[in-house]
$ cat protein.json   # JSON, C-alpha atoms
[["chain", "number", "residue", "atom", "x", "y", "z"],
["S", 18, "SER", "CA", 108.68, 74.70, 110.81],
["S", 19, "GLY", "CA", 111.36, 72.67, 112.46],
["S", 20, "MET", "CA", 110.10, 73.85, 115.82],
["S", 21, "GLY", "CA", 106.39, 73.53, 114.99],
["S", 22, "LYS", "CA", 105.52, 77.21, 115.46],
["S", 23, "THR", "CA", 103.94, 77.62, 112.02],
["S", 24, "GLU", "CA", 101.81, 74.52, 112.58],
["S", 25, "LYS", "CA", 100.68, 75.87, 115.96],
["S", 26, "PHE", "CA", 99.65, 79.12, 114.30],
["S", 27, "VAL", "CA", 97.54, 77.36, 111.66],
["S", 28, "LYS", "CA", 95.89, 75.16, 114.29],
["S", 29, "LYS", "CA", 94.79, 78.32, 116.15],
["S", 30, "THR", "CA", 92.94, 79.51, 113.01],
["S", 31, "GLY", "CA", 90.69, 76.46, 112.84],
["S", 32, "PHE", "CA", 91.38, 76.06, 109.13],
["S", 33, "PRO", "CA", 92.33, 72.64, 107.72],
["S", 34, "LEU", "CA", 96.04, 71.96, 107.95],
["S", 35, "THR", "CA", 98.05, 69.98, 105.44],
["S", 36, "LYS", "CA", 101.72, 69.70, 106.27],
["S", 37, "ILE", "CA", 104.10, 69.88, 103.35],
["S", 38, "SER", "CA", 105.68, 66.54, 102.61],
["S", 39, "GLN", "CA", 107.77, 65.23, 99.75],
["S", 40, "GLY", "CA", 105.58, 64.42, 96.75],
["S", 41, "LEU", "CA", 102.49, 66.21, 98.10],
["S", 42, "LYS", "CA", 100.15, 67.32, 95.28],
["S", 43, "VAL", "CA", 97.51, 69.95, 95.97],
["S", 44, "THR", "CA", 94.76, 70.14, 93.36],
["S", 45, "GLU", "CA", 92.64, 72.91, 94.87],
["S", 46, "PRO", "CA", 93.28, 76.56, 95.75],
["S", 47, "PHE", "CA", 95.27, 77.13, 98.94],
["S", 48, "VAL", "CA", 96.95, 79.71, 101.12],
["S", 49, "LEU", "CA", 100.50, 78.82, 102.06],
["S", 50, "VAL", "CA", 101.73, 79.43, 105.60],
["S", 51, "THR", "CA", 105.49, 79.06, 105.80],
["S", 52, "TYR", "CA", 108.38, 80.19, 107.92],
["S", 53, "THR", "CA", 111.62, 81.96, 107.19],
["S", 54, "THR", "CA", 114.83, 80.04, 107.69],
["S", 55, "GLY", "CA", 118.43, 81.11, 108.00],
["S", 56, "ARG", "CA", 118.82, 84.77, 107.31],
["S", 57, "GLY", "CA", 115.71, 85.38, 105.25],
["S", 58, "GLU", "CA", 115.47, 82.27, 103.10],
["S", 59, "VAL", "CA", 112.56, 80.13, 101.92],
["S", 60, "PRO", "CA", 112.75, 76.65, 103.45],
["S", 61, "GLU", "CA", 113.86, 74.03, 100.91],
["S", 62, "THR", "CA", 110.72, 71.95, 101.56],
["S", 63, "THR", "CA", 108.56, 74.98, 100.74],
["S", 64, "SER", "CA", 110.50, 75.72, 97.54],
["S", 65, "ASP", "CA", 110.25, 72.10, 96.40],
["S", 66, "PHE", "CA", 106.52, 72.00, 97.19],
["S", 67, "LEU", "CA", 105.82, 75.19, 95.23],
["S", 68, "LYS", "CA", 107.66, 73.93, 92.15],
["S", 69, "GLU", "CA", 104.87, 71.36, 91.78],
["S", 70, "ASN", "CA", 101.91, 73.19, 93.34],
["S", 71, "SER", "CA", 102.21, 76.92, 92.69],
["S", 72, "SER", "CA", 99.37, 77.01, 90.15],
["S", 73, "ASN", "CA", 96.84, 76.75, 93.00],
["S", 74, "LEU", "CA", 98.57, 79.23, 95.33],
["S", 75, "LEU", "CA", 96.32, 82.17, 96.27],
["S", 76, "ALA", "CA", 98.37, 83.96, 98.93],
["S", 77, "VAL", "CA", 101.15, 83.43, 101.43],
["S", 78, "ALA", "CA", 101.48, 84.09, 105.16],
["S", 79, "CYS", "CA", 104.82, 83.87, 106.85],
["S", 80, "SER", "CA", 106.28, 83.54, 110.31],
["S", 81, "GLY", "CA", 109.58, 84.93, 111.38],
["S", 82, "HIS", "CA", 111.56, 86.24, 114.30],
["S", 83, "ARG", "CA", 112.59, 89.86, 114.65],
["S", 84, "ASN", "CA", 115.91, 88.74, 116.20],
["S", 85, "TRP", "CA", 117.13, 88.17, 112.62],
["S", 86, "GLY", "CA", 116.66, 91.85, 111.84],
["S", 87, "VAL", "CA", 113.94, 93.89, 110.21],
["S", 88, "HIS", "CA", 115.17, 93.13, 106.66],
["S", 89, "ASN", "CA", 114.98, 89.36, 107.17],
["S", 90, "PHE", "CA", 111.73, 89.30, 109.16],
["S", 91, "CYS", "CA", 109.33, 87.04, 107.23],
["S", 92, "LYS", "CA", 111.49, 87.45, 104.14],
["S", 93, "ALA", "CA", 110.45, 84.01, 102.84],
["S", 94, "GLY", "CA", 106.89, 85.28, 102.43],
["S", 95, "GLU", "CA", 108.08, 88.22, 100.38],
["S", 96, "ILE", "CA", 110.21, 85.97, 98.17],
["S", 97, "VAL", "CA", 107.32, 83.54, 97.55],
["S", 98, "ALA", "CA", 104.88, 86.40, 96.87],
["S", 99, "LYS", "CA", 107.18, 88.03, 94.32],
["S", 100, "LYS", "CA", 108.11, 84.79, 92.55],
["S", 101, "TYR", "CA", 104.55, 83.48, 92.26],
["S", 102, "LYS", "CA", 102.77, 86.85, 92.00],
["S", 103, "VAL", "CA", 100.49, 86.40, 95.01],
["S", 104, "PRO", "CA", 99.84, 88.71, 97.95],
["S", 105, "VAL", "CA", 101.46, 88.43, 101.36],
["S", 106, "LEU", "CA", 98.41, 87.89, 103.54],
["S", 107, "LEU", "CA", 100.21, 88.25, 106.87],
["S", 108, "LYS", "CA", 103.60, 88.40, 108.53],
["S", 109, "PHE", "CA", 103.66, 87.18, 112.12],
["S", 110, "GLU", "CA", 106.21, 86.50, 114.80],
["S", 111, "MET", "CA", 106.67, 83.07, 116.40],
["S", 112, "VAL", "CA", 103.21, 81.44, 116.81],
["S", 113, "GLY", "CA", 101.34, 84.69, 116.17],
["S", 114, "SER", "CA", 99.16, 86.77, 118.46],
["S", 115, "LYS", "CA", 95.39, 86.65, 118.79],
["S", 116, "SER", "CA", 95.27, 89.69, 116.51],
["S", 117, "ASP", "CA", 97.44, 87.88, 113.93],
["S", 118, "VAL", "CA", 95.06, 84.92, 113.95],
["S", 119, "GLU", "CA", 92.07, 87.22, 113.47],
["S", 120, "LYS", "CA", 93.79, 89.07, 110.59],
["S", 121, "PHE", "CA", 94.68, 85.78, 108.91],
["S", 122, "ILE", "CA", 91.15, 84.41, 109.21],
["S", 123, "GLY", "CA", 89.70, 87.66, 107.86],
["S", 124, "GLY", "CA", 92.15, 87.66, 104.96],
["S", 125, "VAL", "CA", 91.38, 84.07, 104.00],
["S", 126, "LEU", "CA", 87.63, 84.70, 104.19],
["S", 127, "GLU", "CA", 88.04, 87.80, 101.99],
["S", 128, "ILE", "CA", 89.98, 85.79, 99.39],
["S", 129, "GLU", "CA", 87.32, 83.09, 99.49],
["S", 130, "LYS", "CA", 84.58, 85.69, 99.03],
["S", 131, "GLU", "CA", 86.36, 87.40, 96.12],
["S", 132, "LEU", "CA", 87.21, 84.22, 94.27],
["S", 133, "PHE", "CA", 84.25, 82.01, 94.98],
["S", 134, "GLY", "CA", 81.44, 84.38, 95.92],
["S", 135, "VAL", "CA", 81.21, 82.78, 99.37],
["S", 136, "GLN", "CA", 79.47, 84.93, 101.95],
["S", 137, "GLN", "CA", 80.98, 85.22, 105.43]]
$ encode --input "protein.json" --output "structure tokens"
Amino acid sequence: SGMGKTEKFVKKTGFPLTKISQGLKVTEPFVLVTYTTGRGEVPETTSDFLKENSSNLLAVACSGHRNWGVHNFCKAGEIVAKKYKVPVLLKFEMVGSKSDVEKFIGGVLEIEKELFGVQQ
């Protein structure tokens, strides 16, 4: 995110982090962690990235701020999930709580287990 909160959340998980940049191509399965901008919109960089990389998208997690109202909280995650037919793995506020990090890690490991037969 513009303020780095989403990046801080991912760093707390211990999972590899690849920041979205113009022209980035992802050739392996991934879970997207994005933020909500404006009043419930998907960031333009995220939309542009998914136009080229959605075929490998497994799930989405989204940060938001409840100050924008309950209907807009993490709305970008819902929009991405609906458009690309993937589950919303987690909605979290700001940089996420310890519980949010644990839920995210558990969700990613479950996806990995289901898709690849990897044991936890």
$ closest_residue --input "protein.json" --among "S:Phe26, S:Phe47, S:Phe133, S:Phe109" --to "Asn70 (chain S)" --atoms "only C-alpha atoms"
S:Phe47
$ residues_around --input "protein.json" --residues "Lys108 (chain S)" --least-positions-apart "5" --cutoff "7 Å" --atoms "all atoms listed in the file" --output "PyMOL selection string"
chain S and resi 78-80+91
$ atom_distance --input "protein.json" --atom1 "CA of Lys68 (chain S)" --atom2 "CA of Lys28 (chain S)"
25.1 Å
$ atom_distance --input "protein.json" --atom1 "CA of Met111 (chain S)" --atom2 "CA of Val50 (chain S)"
12.4 Å
$ residues_near_point --input "protein.json" --point "(95.2, 83.5, 107.3)" --cutoff "9 Å" --atoms "all atoms listed in the file" --output "list in words"
Val27, Thr30, Phe32, Val48, Leu49, Val50, Ala76, Val77, Ala78, Leu106, Leu107, Asp117, Val118, Glu119, Lys120, Phe121, Ile122, Gly123, Gly124, Val125 and Leu126 of chain S
$ residues_around --input "protein.json" --residues "Leu132 (chain S)" --least-positions-apart "5" --cutoff "10 Å" --atoms "only C-alpha atoms" --output "MDAnalysis selection string"
chainID S and resid 46 75 126:127
